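Structure file upload_16.tsv (TSV, C-alpha atoms) follows.
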```
chain	number	residue	atom	x	y	z
A	1	MET	CA	86.03	119.77	130.34
A	2	SER	CA	82.82	121.81	130.57
A	3	LEU	CA	79.79	120.70	128.61
A	4	PRO	CA	78.41	122.82	125.74
A	5	LEU	CA	75.50	124.31	127.71
A	6	SER	CA	77.27	124.69	131.06
A	7	GLY	CA	76.27	127.92	132.78
A	8	LEU	CA	72.83	128.14	131.18
A	9	LEU	CA	69.71	128.10	133.37
A	10	VAL	CA	66.61	126.35	132.06
A	11	VAL	CA	63.30	126.67	133.89
A	12	ALA	CA	60.88	123.92	132.91
A	13	LEU	CA	57.19	123.98	133.76
A	14	GLU	CA	56.64	120.51	132.36
A	15	GLN	CA	55.06	117.12	132.71
A	16	ALA	CA	54.64	113.83	130.86
A	17	VAL	CA	57.01	113.19	127.92
A	18	ALA	CA	57.43	115.85	125.20
A	19	ALA	CA	58.82	118.74	127.25
A	20	PRO	CA	60.83	116.49	129.60
A	21	MET	CA	62.43	114.89	126.51
A	22	CYS	CA	63.59	118.33	125.40
A	23	THR	CA	64.90	119.46	128.78
A	24	CYS	CA	66.57	116.10	129.43
A	25	ARG	CA	68.75	116.70	126.38
A	26	LEU	CA	69.48	120.24	127.60
A	27	ALA	CA	70.52	118.83	130.99
A	28	ASP	CA	72.69	116.18	129.31
A	29	ALA	CA	74.46	119.01	127.47
A	30	GLY	CA	75.30	120.74	130.76
A	31	ALA	CA	72.44	123.17	131.33
A	32	ARG	CA	71.06	123.55	134.81
A	33	VAL	CA	67.43	122.46	134.49
A	34	ILE	CA	65.00	123.34	137.27
A	35	LYS	CA	61.90	121.22	136.86
A	36	ILE	CA	58.82	122.80	138.40
A	37	GLU	CA	56.36	120.23	139.67
A	38	ARG	CA	52.91	120.65	141.13
A	39	PRO	CA	52.57	119.52	144.77
A	40	GLU	CA	51.45	116.05	143.69
A	41	GLY	CA	54.34	115.85	141.21
A	42	ASP	CA	54.64	115.32	137.48
A	43	PHE	CA	51.96	112.74	136.77
A	44	ALA	CA	54.54	110.70	134.82
A	45	ARG	CA	56.00	109.77	138.22
A	46	GLY	CA	52.96	107.54	138.67
A	47	TYR	CA	52.85	105.79	135.32
A	48	ASP	CA	54.47	102.65	136.78
A	49	LYS	CA	57.17	101.58	139.24
A	50	LEU	CA	59.17	99.43	136.85
A	51	ALA	CA	62.53	101.23	136.70
A	52	LYS	CA	64.33	99.28	139.38
A	53	PRO	CA	67.90	99.10	140.67
A	54	HIS	CA	70.41	96.46	139.67
A	55	VAL	CA	70.04	93.05	141.26
A	56	GLY	CA	73.17	92.11	143.17
A	57	GLY	CA	75.18	94.76	141.35
A	58	ARG	CA	75.13	92.80	138.08
A	59	GLU	CA	74.94	94.42	134.68
A	60	ARG	CA	71.49	94.25	133.13
A	61	PRO	CA	72.39	91.90	130.24
A	62	ASP	CA	73.03	89.18	132.88
A	63	VAL	CA	69.70	89.63	134.66
A	64	THR	CA	67.59	86.48	134.43
A	65	HIS	CA	63.85	86.05	134.44
A	66	GLU	CA	64.17	84.95	138.07
A	67	ASP	CA	65.95	88.22	138.86
A	68	ALA	CA	63.16	90.13	137.16
A	69	ARG	CA	60.62	88.38	139.36
A	70	GLU	CA	62.71	89.27	142.43
A	71	ARG	CA	62.58	92.93	141.42
A	72	ALA	CA	58.83	92.90	140.85
A	73	ASP	CA	57.98	93.61	144.49
A	74	GLY	CA	60.97	95.86	145.16
A	75	ALA	CA	61.19	99.64	145.16
A	76	GLY	CA	61.15	101.29	141.78
A	77	GLU	CA	60.45	104.48	139.88
A	78	SER	CA	58.42	105.29	136.81
A	79	ALA	CA	60.22	104.08	133.69
A	80	TYR	CA	59.17	107.19	131.76
A	81	PHE	CA	60.21	109.54	134.56
A	82	VAL	CA	63.61	107.92	135.05
A	83	TRP	CA	64.29	108.00	131.31
A	84	LEU	CA	63.49	111.69	130.84
A	85	ASN	CA	64.38	113.49	134.06
A	86	ARG	CA	67.99	112.68	134.82
A	87	GLY	CA	70.22	115.58	135.73
A	88	LYS	CA	67.39	117.94	136.73
A	89	GLN	CA	66.49	119.68	139.97
A	90	SER	CA	62.94	119.29	141.30
A	91	LEU	CA	61.15	122.34	142.70
A	92	VAL	CA	57.57	122.04	143.95
A	93	LEU	CA	55.45	125.12	143.34
A	94	ASP	CA	51.73	125.67	143.72
A	95	LEU	CA	51.14	128.35	141.11
A	96	ALA	CA	47.74	129.14	142.58
A	97	ARG	CA	49.71	130.82	145.42
A	98	ASP	CA	51.13	134.30	144.99
A	99	ASP	CA	54.32	133.49	146.89
A	100	ASP	CA	55.05	130.56	144.62
A	101	LYS	CA	54.34	132.69	141.56
A	102	ALA	CA	56.95	135.09	142.92
A	103	VAL	CA	59.50	132.26	142.99
A	104	LEU	CA	58.81	131.46	139.34
A	105	ALA	CA	59.04	135.14	138.40
A	106	ALA	CA	62.41	135.45	140.15
A	107	MET	CA	63.76	132.42	138.32
A	108	LEU	CA	62.52	133.61	134.93
A	109	ALA	CA	64.30	136.92	135.49
A	110	LYS	CA	67.60	134.99	135.57
A	111	ALA	CA	66.80	132.16	133.16
A	112	ASP	CA	68.21	131.62	129.69
A	113	VAL	CA	65.46	129.23	128.59
A	114	PHE	CA	61.87	128.70	129.69
A	115	VAL	CA	60.13	125.52	128.52
A	116	GLN	CA	56.46	124.91	129.26
A	117	ASN	CA	53.89	122.41	128.05
A	118	LEU	CA	50.72	123.57	129.75
A	119	LYS	CA	47.67	123.70	127.51
A	120	PRO	CA	47.49	126.84	125.34
A	121	GLY	CA	46.50	129.89	127.35
A	122	ALA	CA	47.10	128.28	130.76
A	123	ILE	CA	50.39	130.05	131.41
A	124	ALA	CA	48.75	133.43	130.78
A	125	LYS	CA	45.95	132.59	133.23
A	126	LEU	CA	48.62	131.93	135.85
A	127	GLY	CA	49.91	135.48	135.36
A	128	PHE	CA	52.78	134.85	132.94
A	129	PRO	CA	51.62	135.83	129.43
A	130	LEU	CA	54.40	134.89	127.05
A	131	ASP	CA	54.36	138.23	125.23
A	132	HIS	CA	54.87	139.97	128.59
A	133	LEU	CA	57.77	137.66	129.38
A	134	ARG	CA	59.35	138.47	126.03
A	135	ARG	CA	59.17	142.18	126.70
A	136	ALA	CA	60.37	141.88	130.29
A	137	HIS	CA	63.21	139.47	129.48
A	138	PRO	CA	64.31	140.06	125.88
A	139	ARG	CA	67.21	137.56	126.13
A	140	LEU	CA	64.94	134.74	127.30
A	141	VAL	CA	64.32	131.84	124.92
A	142	ILE	CA	60.76	130.64	125.48
A	143	CYS	CA	59.55	127.31	124.10
A	144	SER	CA	55.92	126.24	124.36
A	145	ILE	CA	55.01	122.64	123.52
A	146	SER	CA	51.40	121.67	122.93
A	147	GLY	CA	49.25	119.11	121.18
A	148	TYR	CA	48.00	121.17	118.24
A	149	GLY	CA	49.67	124.56	118.61
A	150	GLU	CA	48.68	127.91	120.00
A	151	ASP	CA	46.00	128.62	117.41
A	152	GLY	CA	43.82	126.86	114.85
A	153	PRO	CA	40.57	124.92	115.28
A	154	TYR	CA	42.12	122.14	117.39
A	155	ALA	CA	44.25	124.34	119.68
A	156	ALA	CA	42.06	123.82	122.75
A	157	ARG	CA	41.89	120.03	122.43
A	158	LYS	CA	43.63	117.79	124.90
A	159	ALA	CA	46.28	115.78	123.11
A	160	TYR	CA	48.25	112.72	124.11
A	161	ASP	CA	50.64	110.64	122.08
A	162	MET	CA	48.26	107.94	120.89
A	163	LEU	CA	45.62	110.52	120.00
A	164	ILE	CA	48.10	112.34	117.77
A	165	GLN	CA	49.17	109.03	116.22
A	166	ALA	CA	45.53	108.53	115.26
A	167	GLU	CA	44.75	112.11	114.22
A	168	SER	CA	47.87	112.55	112.08
A	169	GLY	CA	47.27	109.37	110.09
A	170	LEU	CA	50.30	107.58	111.51
A	171	ALA	CA	48.20	104.78	113.01
A	172	SER	CA	46.63	104.15	109.61
A	173	LEU	CA	50.07	103.13	108.31
A	174	THR	CA	51.07	101.06	111.34
A	175	GLY	CA	50.15	97.46	111.99
A	176	SER	CA	48.99	94.61	109.80
A	177	PRO	CA	46.61	94.93	106.86
A	178	ALA	CA	43.83	93.79	109.21
A	179	ALA	CA	43.82	96.83	111.49
A	180	PRO	CA	45.67	100.04	112.34
A	181	ALA	CA	47.88	100.13	115.42
A	182	ARG	CA	49.85	102.53	117.54
A	183	VAL	CA	53.62	102.69	117.31
A	184	GLY	CA	54.79	100.99	120.49
A	185	VAL	CA	56.73	103.98	121.83
A	186	SER	CA	55.67	107.61	122.26
A	187	VAL	CA	56.85	108.81	118.86
A	188	CYS	CA	54.71	111.97	118.74
A	189	ASP	CA	55.94	113.12	122.14
A	190	ILE	CA	59.52	112.25	121.25
A	191	ALA	CA	59.33	114.01	117.90
A	192	ALA	CA	57.93	117.16	119.51
A	193	GLY	CA	60.54	117.09	122.27
A	194	MET	CA	63.45	116.69	119.88
A	195	ASN	CA	62.10	119.42	117.59
A	196	ALA	CA	61.89	121.67	120.64
A	197	TYR	CA	65.45	120.82	121.61
A	198	GLU	CA	66.86	121.68	118.19
A	199	ALA	CA	64.79	124.88	117.96
A	200	ILE	CA	66.07	126.01	121.37
A	201	LEU	CA	69.66	125.34	120.31
A	202	GLU	CA	69.09	127.39	117.14
A	203	ALA	CA	67.67	130.23	119.24
A	204	LEU	CA	70.62	130.13	121.64
A	205	ILE	CA	73.06	130.29	118.73
A	206	ALA	CA	71.17	133.25	117.29
A	207	ARG	CA	71.10	134.95	120.69
A	208	GLY	CA	74.86	134.64	120.87
A	209	ARG	CA	75.05	136.80	117.73
A	210	THR	CA	72.18	139.23	118.33
A	211	GLY	CA	71.54	139.22	122.06
A	212	ASP	CA	67.85	138.56	121.44
A	213	GLY	CA	65.87	135.63	122.78
A	214	ALA	CA	62.95	134.01	120.96
A	215	ALA	CA	59.42	132.68	121.36
A	216	ILE	CA	59.11	129.16	119.94
A	217	SER	CA	55.97	127.09	119.52
A	218	ILE	CA	56.12	123.35	118.89
A	219	SER	CA	53.11	121.10	118.47
A	220	MET	CA	52.98	117.32	118.55
A	221	PHE	CA	50.66	117.36	115.54
A	222	ASP	CA	53.07	119.47	113.47
A	223	ALA	CA	55.97	117.23	114.48
A	224	MET	CA	54.17	114.10	113.34
A	225	ALA	CA	52.71	115.73	110.21
A	226	ASP	CA	56.31	116.51	109.22
A	227	TRP	CA	57.22	112.84	109.65
A	228	MET	CA	54.17	111.93	107.55
A	229	ALA	CA	55.34	114.01	104.58
A	230	VAL	CA	56.28	111.05	102.36
A	231	PRO	CA	53.01	109.12	102.86
A	232	LEU	CA	51.08	112.36	102.29
A	233	LEU	CA	52.95	113.11	99.08
A	234	GLN	CA	52.39	109.55	97.93
A	235	TYR	CA	48.66	109.91	98.58
A	236	GLU	CA	48.46	113.24	96.78
A	237	GLY	CA	50.48	111.73	93.93
A	238	GLY	CA	47.79	109.13	93.38
A	239	GLN	CA	49.27	106.13	95.20
A	240	PRO	CA	48.15	106.02	98.84
A	241	PRO	CA	50.46	103.93	101.02
A	242	ARG	CA	49.11	100.64	102.33
A	243	ARG	CA	49.45	99.19	105.80
A	244	MET	CA	51.70	96.16	105.37
A	245	GLY	CA	53.19	95.30	108.75
A	246	LEU	CA	56.88	94.47	108.39
A	247	ALA	CA	56.90	94.89	104.63
A	248	HIS	CA	57.51	97.83	102.32
A	249	THR	CA	54.93	99.28	99.97
A	250	SER	CA	57.49	100.20	97.30
A	251	ILE	CA	60.25	97.59	97.54
A	252	ALA	CA	60.45	93.80	97.15
A	253	PRO	CA	61.76	91.68	98.66
A	254	TYR	CA	61.62	93.73	101.85
A	255	GLY	CA	59.99	91.82	104.66
A	256	VAL	CA	60.10	89.03	107.22
A	257	PHE	CA	60.93	85.43	106.38
A	258	LYS	CA	60.98	82.54	108.83
A	259	THR	CA	63.92	80.15	109.07
A	260	ARG	CA	63.69	76.38	109.49
A	261	ASP	CA	64.32	76.71	113.24
A	262	GLY	CA	61.66	79.40	113.68
A	263	ALA	CA	63.63	82.67	113.68
A	264	ASP	CA	62.14	85.70	111.94
A	265	ILE	CA	64.63	87.44	109.64
A	266	LEU	CA	63.86	90.78	108.02
A	267	ILE	CA	65.74	91.48	104.79
A	268	SER	CA	65.91	94.68	102.76
A	269	ILE	CA	66.86	94.63	99.09
A	270	GLN	CA	67.37	98.24	98.05
A	271	SER	CA	68.69	97.82	94.51
A	272	ASP	CA	68.59	95.46	91.57
A	273	ARG	CA	72.28	94.72	92.08
A	274	GLU	CA	71.53	93.57	95.64
A	275	TRP	CA	68.74	91.35	94.28
A	276	ARG	CA	71.18	89.63	91.94
A	277	VAL	CA	73.59	89.07	94.82
A	278	LEU	CA	70.80	87.68	97.03
A	279	ALA	CA	69.60	85.32	94.30
A	280	ALA	CA	73.04	84.02	93.39
A	281	GLN	CA	74.84	83.94	96.75
A	282	VAL	CA	72.07	83.33	99.28
A	283	LEU	CA	69.21	81.71	97.38
A	284	GLY	CA	71.66	79.75	95.22
A	285	ASP	CA	69.67	80.44	92.07
A	286	SER	CA	71.78	82.08	89.36
A	287	ALA	CA	68.96	81.63	86.86
A	288	LEU	CA	66.65	83.69	89.08
A	289	ALA	CA	69.29	86.40	89.29
A	290	ALA	CA	69.23	86.66	85.48
A	291	ASP	CA	65.46	86.24	85.03
A	292	PRO	CA	64.04	89.44	83.46
A	293	ALA	CA	60.70	88.80	85.20
A	294	PHE	CA	62.44	89.63	88.50
A	295	ALA	CA	65.29	91.81	87.28
A	296	THR	CA	63.90	95.15	88.45
A	297	ASN	CA	62.25	96.29	91.63
A	298	VAL	CA	59.17	97.35	89.66
A	299	ALA	CA	58.85	93.80	88.30
A	300	ARG	CA	59.41	92.25	91.72
A	301	VAL	CA	56.80	94.47	93.35
A	302	LYS	CA	54.28	93.44	90.66
A	303	ARG	CA	55.13	89.81	91.47
A	304	ARG	CA	55.54	90.34	95.21
A	305	ALA	CA	53.85	87.07	96.21
A	306	ASP	CA	56.05	85.04	93.85
A	307	THR	CA	59.17	86.98	94.82
A	308	ASP	CA	58.54	86.45	98.54
A	309	ALA	CA	57.69	82.80	98.00
A	310	ARG	CA	61.04	82.15	96.32
A	311	VAL	CA	62.88	83.79	99.20
A	312	GLN	CA	60.81	81.95	101.82
A	313	GLN	CA	61.45	78.58	100.16
A	314	VAL	CA	65.19	78.92	100.79
A	315	PHE	CA	64.97	80.67	104.16
A	316	GLY	CA	62.47	78.10	105.42
A	317	ALA	CA	64.86	75.28	104.59
A	318	THR	CA	67.82	76.87	106.42
A	319	ASP	CA	68.56	77.36	110.11
A	320	VAL	CA	69.15	80.89	111.34
A	321	ALA	CA	72.88	80.56	112.08
A	322	PRO	CA	74.07	79.50	108.61
A	323	LEU	CA	71.51	81.78	106.96
A	324	THR	CA	72.73	84.87	108.76
A	325	GLN	CA	76.31	83.92	107.96
A	326	LYS	CA	75.40	83.77	104.27
A	327	LEU	CA	73.55	87.09	104.41
A	328	ALA	CA	76.46	88.79	106.17
A	329	ALA	CA	79.02	87.33	103.74
A	330	ALA	CA	76.94	88.60	100.80
A	331	ASP	CA	76.57	92.03	102.47
A	332	ILE	CA	72.77	91.80	102.38
A	333	ALA	CA	70.97	94.09	104.82
A	334	PHE	CA	69.10	91.99	107.40
A	335	ALA	CA	67.93	92.03	111.00
A	336	ARG	CA	66.50	89.66	113.57
A	337	VAL	CA	62.96	90.57	114.62
A	338	ASN	CA	63.79	90.94	118.31
A	339	ASP	CA	61.70	91.61	121.36
A	340	THR	CA	62.66	93.62	124.46
A	341	ALA	CA	64.31	90.59	126.05
A	342	ASP	CA	66.60	90.36	123.04
A	343	LEU	CA	67.34	94.09	123.27
A	344	ALA	CA	68.28	93.72	126.94
A	345	ALA	CA	71.05	91.29	125.95
A	346	HIS	CA	71.94	92.85	122.59
A	347	PRO	CA	75.71	93.05	121.96
A	348	GLN	CA	75.35	96.47	120.32
A	349	LEU	CA	73.41	98.06	123.20
A	350	ARG	CA	75.22	100.80	125.10
A	351	ARG	CA	73.97	101.65	128.58
A	352	ILE	CA	74.30	104.38	131.15
A	353	GLU	CA	73.70	104.09	134.86
A	354	VAL	CA	71.63	106.81	136.52
A	355	ALA	CA	71.01	107.35	140.21
A	356	THR	CA	67.35	107.45	141.27
A	357	PRO	CA	65.65	107.72	144.67
A	358	SER	CA	65.31	103.91	144.60
A	359	GLY	CA	68.90	103.19	143.55
A	360	ALA	CA	70.98	103.09	140.38
A	361	VAL	CA	69.10	102.16	137.20
A	362	SER	CA	70.68	101.09	133.91
A	363	TYR	CA	69.10	101.95	130.58
A	364	PRO	CA	70.10	102.77	126.97
A	365	ALA	CA	72.61	105.56	126.47
A	366	PRO	CA	71.73	108.67	124.46
A	367	PRO	CA	72.80	108.32	120.82
A	368	ALA	CA	75.26	111.22	120.50
A	369	ARG	CA	78.88	110.46	121.32
A	370	ARG	CA	81.80	112.89	121.14
A	371	ASP	CA	85.26	111.45	120.55
A	372	GLY	CA	87.47	111.93	123.57
A	373	VAL	CA	84.75	113.61	125.64
A	374	PRO	CA	83.41	111.34	128.38
A	375	ARG	CA	79.87	112.13	129.46
A	376	SER	CA	78.30	111.53	132.84
A	377	TYR	CA	74.63	111.89	133.65
A	378	GLY	CA	72.98	113.44	136.67
A	379	ALA	CA	70.56	111.80	139.06
A	380	VAL	CA	66.80	111.59	138.77
A	381	PRO	CA	65.42	113.84	141.53
A	382	ALA	CA	62.91	112.94	144.18
A	383	LEU	CA	59.81	115.11	144.19
A	384	GLY	CA	60.73	118.52	145.59
A	385	GLU	CA	64.25	117.41	146.43
A	386	HIS	CA	65.72	120.82	145.67
A	387	SER	CA	62.83	123.05	146.72
A	388	ALA	CA	64.35	124.53	149.85
A	389	ALA	CA	67.72	125.29	148.26
A	390	ILE	CA	66.19	126.86	145.14
A	391	ARG	CA	63.77	129.01	147.12
A	392	ALA	CA	66.64	130.26	149.25
A	393	GLU	CA	68.77	130.94	146.16
A	394	PHE	CA	66.18	133.00	144.33
A	395	MET	CA	64.14	134.48	147.18
A	396	GLY	CA	66.46	134.55	150.19
A	397	PRO	CA	66.74	132.33	153.30
A	398	ALA	CA	63.38	133.46	154.69
A	399	HIS	CA	61.63	131.63	151.86
A	400	GLU	CA	63.20	128.20	152.42
```
Starting from the file, give its structure as C-alpha cells.
Amino acid sequence: MSLPLSGLLVVALEQAVAAPMCTCRLADAGARVIKIERPEGDFARGYDKLAKPHVGGRERPDVTHEDARERADGAGESAYFVWLNRGKQSLVLDLARDDDKAVLAAMLAKADVFVQNLKPGAIAKLGFPLDHLRRAHPRLVICSISGYGEDGPYAARKAYDMLIQAESGLASLTGSPAAPARVGVSVCDIAAGMNAYEAILEALIARGRTGDGAAISISMFDAMADWMAVPLLQYEGGQPPRRMGLAHTSIAPYGVFKTRDGADILISIQSDREWRVLAAQVLGDSALAADPAFATNVARVKRRADTDARVQQVFGATDVAPLTQKLAAADIAFARVNDTADLAAHPQLRRIEVATPSGAVSYPAPPARRDGVPRSYGAVPALGEHSAAIRAEFMGPAHE
C-alpha cells in the first residue's frame, strides 16, 4: 500500500532541528525528501556521536549499564541527526558555485515542496528569491522556517531553541521557584517544525483543489508564543502564572509526593469528585473528603500547604507498590517521575529500528499509527550519499 505522500518531491535546504523535523514527517508519509547539505554537512551531524547500534543484537530495553559503557567508544552518529533525518537522500551542494546552483534550480523546477531554514534574506542572496520561485513555479509549496520571521524588529537575529525559550517567556515558567530553566528538549524547534508540517499539508490539500502552490512562513518565536497563550492570558487577566516545578498554579493537589521507599509519585486531581475519591479510598480519611474547608479546588489551592501535607503524610507512610495499586484501583491520575533510564525500559514505549551509516539504531516510534497500515522507515543517509545519482538524474550523466 502506497503512503499518503508517495510521488511527491520535497527539496530541503535545511540544518539543525526545526526544518529537519518537518521534512522527517514528510519522508515518513512517503514523500521523497532530498536534503541539501553544505560540503561540511548539516552541523547537527556533529552534535554528538551517541546514537549507536544495538549491542549483540539485543533490544534496547535489555541493554545494561555495562553495555552502554561498551558502546561509549564504538562508532555512532549524532542523536539529533539520526532522529530527524531518516528516509531522506543526502545531496552535497556548494551554493557559492554556479554549477551547484544549477542543480538546485533543476530540482526546484520539478519539486512539489521546498523547505528552507536559512536566515531571512539568505536564500535571495544565493539567487533564489522566493517571490521569483513562486512566479516561476506556481504549483510549488514553499515553506521558510526562521527564528523570528521574515520581518519585524527581530527578523535578523540569530535564534536557537534555548534563546527562543528565554525570549518567549517559556523559561520563566519552567523550573523551580528558585530559578528559571530550559525545557530539556528542543520544544521551540519541534513546535516550529510541526507547525511547518501541518501548514505544508494544508497547502498540498489546497493545491489539489486549485492547482496553486503557496508561500508559507513559520517562526520559532510565533510557534512558542502560540503555546504561551494561556500564561499570557492569565497575566493579562491579572494573575501571572508562577514557576512551581512539578506543581500546578491553579489546581491542588497536583504535584509530587514521595513514598516511604523513596519513589516520587505525581498525582493530578482535576475535580472535586476526584478529591473525594482520593481522600476516602487512598488517604483513608472520609472526614477529610466531607470537610468543607477542602471541598472545592479553590479552597484547596488557598490551603495548598495543608492540602499537600495531608497527602504527603499518607504517601510517605506507604511503599510505592501498594500505593500505586490503590491509586489505580481508585482511578486517580498518577505517574512515576521517571528518568531516561526508566524510559528506556518503559513497558509502554514503542520503538522503531532505523539503519544508519554506523548500523541499526533503535529509538521511539512516531506517535501516529494507522490501523492495518504497517509503516517502515528509511535509512539515515551518510553525508552526500546520493549526490552522484541525484546530479545525474536532474542534470544528466556528465554532471555525476
Legend entry - Who sits within 8 Å of Ser219 of chain A, only C-alpha atoms, same chain under 3 positions skipped, as a VMD selection string: chain A and resid 145 to 149 192 222 to 223
Any chance you can output those residues with C-alpha atoms as a PDB file, in the frame of the given file?
```pdb
ATOM      1  CA  ILE A 145      55.010 122.640 123.520  1.00  0.00           C
ATOM      2  CA  SER A 146      51.400 121.670 122.930  1.00  0.00           C
ATOM      3  CA  GLY A 147      49.250 119.110 121.180  1.00  0.00           C
ATOM      4  CA  TYR A 148      48.000 121.170 118.240  1.00  0.00           C
ATOM      5  CA  GLY A 149      49.670 124.560 118.610  1.00  0.00           C
ATOM      6  CA  ALA A 192      57.930 117.160 119.510  1.00  0.00           C
ATOM      7  CA  ASP A 222      53.070 119.470 113.470  1.00  0.00           C
ATOM      8  CA  ALA A 223      55.970 117.230 114.480  1.00  0.00           C
TER       9      ALA A 223
END
```
Inset, instruction - Go through A:Leu349, A:Leu232, A:Ala280, A:Ala102 one by one, measure the shortest atom-to-atom distance of each to Phe128 of chain A using only C-alpha atoms, and give the residue with the smallest value. - result: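 When distances to Phe128 of chain A are compared using only C-alpha atoms, the smallest one comes from A:Ala102.
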Legend entry - Using all atoms listed in the file: which of A:Asn195, A:Val230, A:Ser358, A:Ile216 has the shortest distance to Asp131 of chain A: A:Ile216
Inset, instruction - Have a look at atom CA of Cys24 of chain A and atom CA of Gly152 of chain A and let me know their distance in Å, one decimal. - result: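 Interatomic distance here is 29.1 Å.
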Inset, instruction - For a cut-off of 10 Å around (76.8, 92.7, 98.1), file coordinates, pick out all residues using only C-alpha atoms and list them as a PyMOL selection string. - result: chain A and resi 273-278+281+327-333
Based on the selection just made, write C-alpha atoms of those residues as an mmCIF file, in the coordinates of the input.
```cif
data_model
loop_
_atom_site.group_PDB
_atom_site.id
_atom_site.type_symbol
_atom_site.label_atom_id
_atom_site.label_comp_id
_atom_site.auth_asym_id
_atom_site.auth_seq_id
_atom_site.Cartn_x
_atom_site.Cartn_y
_atom_site.Cartn_z
ATOM 1 C CA ARG A 273 72.280 94.720 92.080
ATOM 2 C CA GLU A 274 71.530 93.570 95.640
ATOM 3 C CA TRP A 275 68.740 91.350 94.280
ATOM 4 C CA ARG A 276 71.180 89.630 91.940
ATOM 5 C CA VAL A 277 73.590 89.070 94.820
ATOM 6 C CA LEU A 278 70.800 87.680 97.030
ATOM 7 C CA GLN A 281 74.840 83.940 96.750
ATOM 8 C CA LEU A 327 73.550 87.090 104.410
ATOM 9 C CA ALA A 328 76.460 88.790 106.170
ATOM 10 C CA ALA A 329 79.020 87.330 103.740
ATOM 11 C CA ALA A 330 76.940 88.600 100.800
ATOM 12 C CA ASP A 331 76.570 92.030 102.470
ATOM 13 C CA ILE A 332 72.770 91.800 102.380
ATOM 14 C CA ALA A 333 70.970 94.090 104.820
#
```
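Comparing the minimum interatomic distances between Pro4 of chain A and each of A:Gly238, A:Asp151, A:Ala27, A:Glu77, counting all atoms listed in the file, we find that A:Ala27 sits nearest.
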Inset, instruction - For atom CA of Val373 of chain A and atom CA of Ala355 of chain A, quote the distance in Å rounded to one decimal. - result: 21.0 Å
Inset, instruction - For each of A:Met224, A:Met194, A:Ala124, A:Val141, take the minimum atom-to-atom distance to Glu167 of chain A, counting only C-alpha atoms, then give the residue where this is smallest. - result: A:Met224
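Take atom CA of Pro241 of chain A and atom CA of Ser172 of chain A: the distance between them is 9.4 Å.
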Inset, instruction - Would you please work out which residue, of A:Ala290, A:Val256, A:Val103, A:Ile265, is nearest to Ala388 of chain A when using only C-alpha atoms? - result: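 That would be A:Val103, the residue with the smallest distance to Ala388 of chain A.
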Legend entry - Using all atoms listed in the file: which of A:Leu95, A:Val185, A:Met220, A:Leu201 has the shortest distance to Ala31 of chain A: A:Leu201
Inset, instruction - Could you give me, as JSON, numbers by chain, the residues within 10 Å of Asn117 of chain A, counting only C-alpha atoms and dropping anything in the same chain fewer than 6 positions from it? - result: {"A": [12, 13, 14, 15, 16, 17, 18, 19, 20, 123, 143, 144, 145, 146, 147, 217, 218, 219]}
Quick one: everything within 12 Å of Tyr80 of chain A, counting all atoms listed in the file, minus sequence neighbours fewer than 4 positions away in the same chain. Send it as a PDB file with C-alpha atoms, keeping the file's coordinate frame.
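Now in result21.pdb:
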```pdb
ATOM      1  CA  GLN A  15      55.060 117.120 132.710  1.00  0.00           C
ATOM      2  CA  ALA A  16      54.640 113.830 130.860  1.00  0.00           C
ATOM      3  CA  VAL A  17      57.010 113.190 127.920  1.00  0.00           C
ATOM      4  CA  ALA A  18      57.430 115.850 125.200  1.00  0.00           C
ATOM      5  CA  PRO A  20      60.830 116.490 129.600  1.00  0.00           C
ATOM      6  CA  MET A  21      62.430 114.890 126.510  1.00  0.00           C
ATOM      7  CA  CYS A  24      66.570 116.100 129.430  1.00  0.00           C
ATOM      8  CA  ASP A  42      54.640 115.320 137.480  1.00  0.00           C
ATOM      9  CA  PHE A  43      51.960 112.740 136.770  1.00  0.00           C
ATOM     10  CA  ALA A  44      54.540 110.700 134.820  1.00  0.00           C
ATOM     11  CA  ARG A  45      56.000 109.770 138.220  1.00  0.00           C
ATOM     12  CA  GLY A  46      52.960 107.540 138.670  1.00  0.00           C
ATOM     13  CA  TYR A  47      52.850 105.790 135.320  1.00  0.00           C
ATOM     14  CA  ASP A  48      54.470 102.650 136.780  1.00  0.00           C
ATOM     15  CA  LYS A  49      57.170 101.580 139.240  1.00  0.00           C
ATOM     16  CA  LEU A  50      59.170  99.430 136.850  1.00  0.00           C
ATOM     17  CA  ALA A  51      62.530 101.230 136.700  1.00  0.00           C
ATOM     18  CA  GLY A  76      61.150 101.290 141.780  1.00  0.00           C
ATOM     19  CA  LEU A  84      63.490 111.690 130.840  1.00  0.00           C
ATOM     20  CA  ASN A  85      64.380 113.490 134.060  1.00  0.00           C
ATOM     21  CA  ARG A  86      67.990 112.680 134.820  1.00  0.00           C
ATOM     22  CA  VAL A 185      56.730 103.980 121.830  1.00  0.00           C
ATOM     23  CA  SER A 186      55.670 107.610 122.260  1.00  0.00           C
ATOM     24  CA  ASP A 189      55.940 113.120 122.140  1.00  0.00           C
ATOM     25  CA  ILE A 190      59.520 112.250 121.250  1.00  0.00           C
ATOM     26  CA  TYR A 363      69.100 101.950 130.580  1.00  0.00           C
ATOM     27  CA  VAL A 380      66.800 111.590 138.770  1.00  0.00           C
TER      28      VAL A 380
END
```
Legend entry - Residue contacts of Phe257 of chain A (7 Å, all atoms listed in the file) excluding same-chain residues fewer than 2 positions away, as a PyMOL selection string: chain A and resi 255+259+264-266+312+315
Inset, instruction - With a distance cut-off of 10 Å and all atoms listed in the file, select the neighbouring residues of Arg304 of chain A, excluding the residue or stretch itself and same-chain residues fewer than 6 positions from it, and output the selection as a list in words. - result: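 Answer for this query is Ile251, Ala252, Pro253, Tyr254, Phe294, Asn297, Val298 and Arg310 of chain A.
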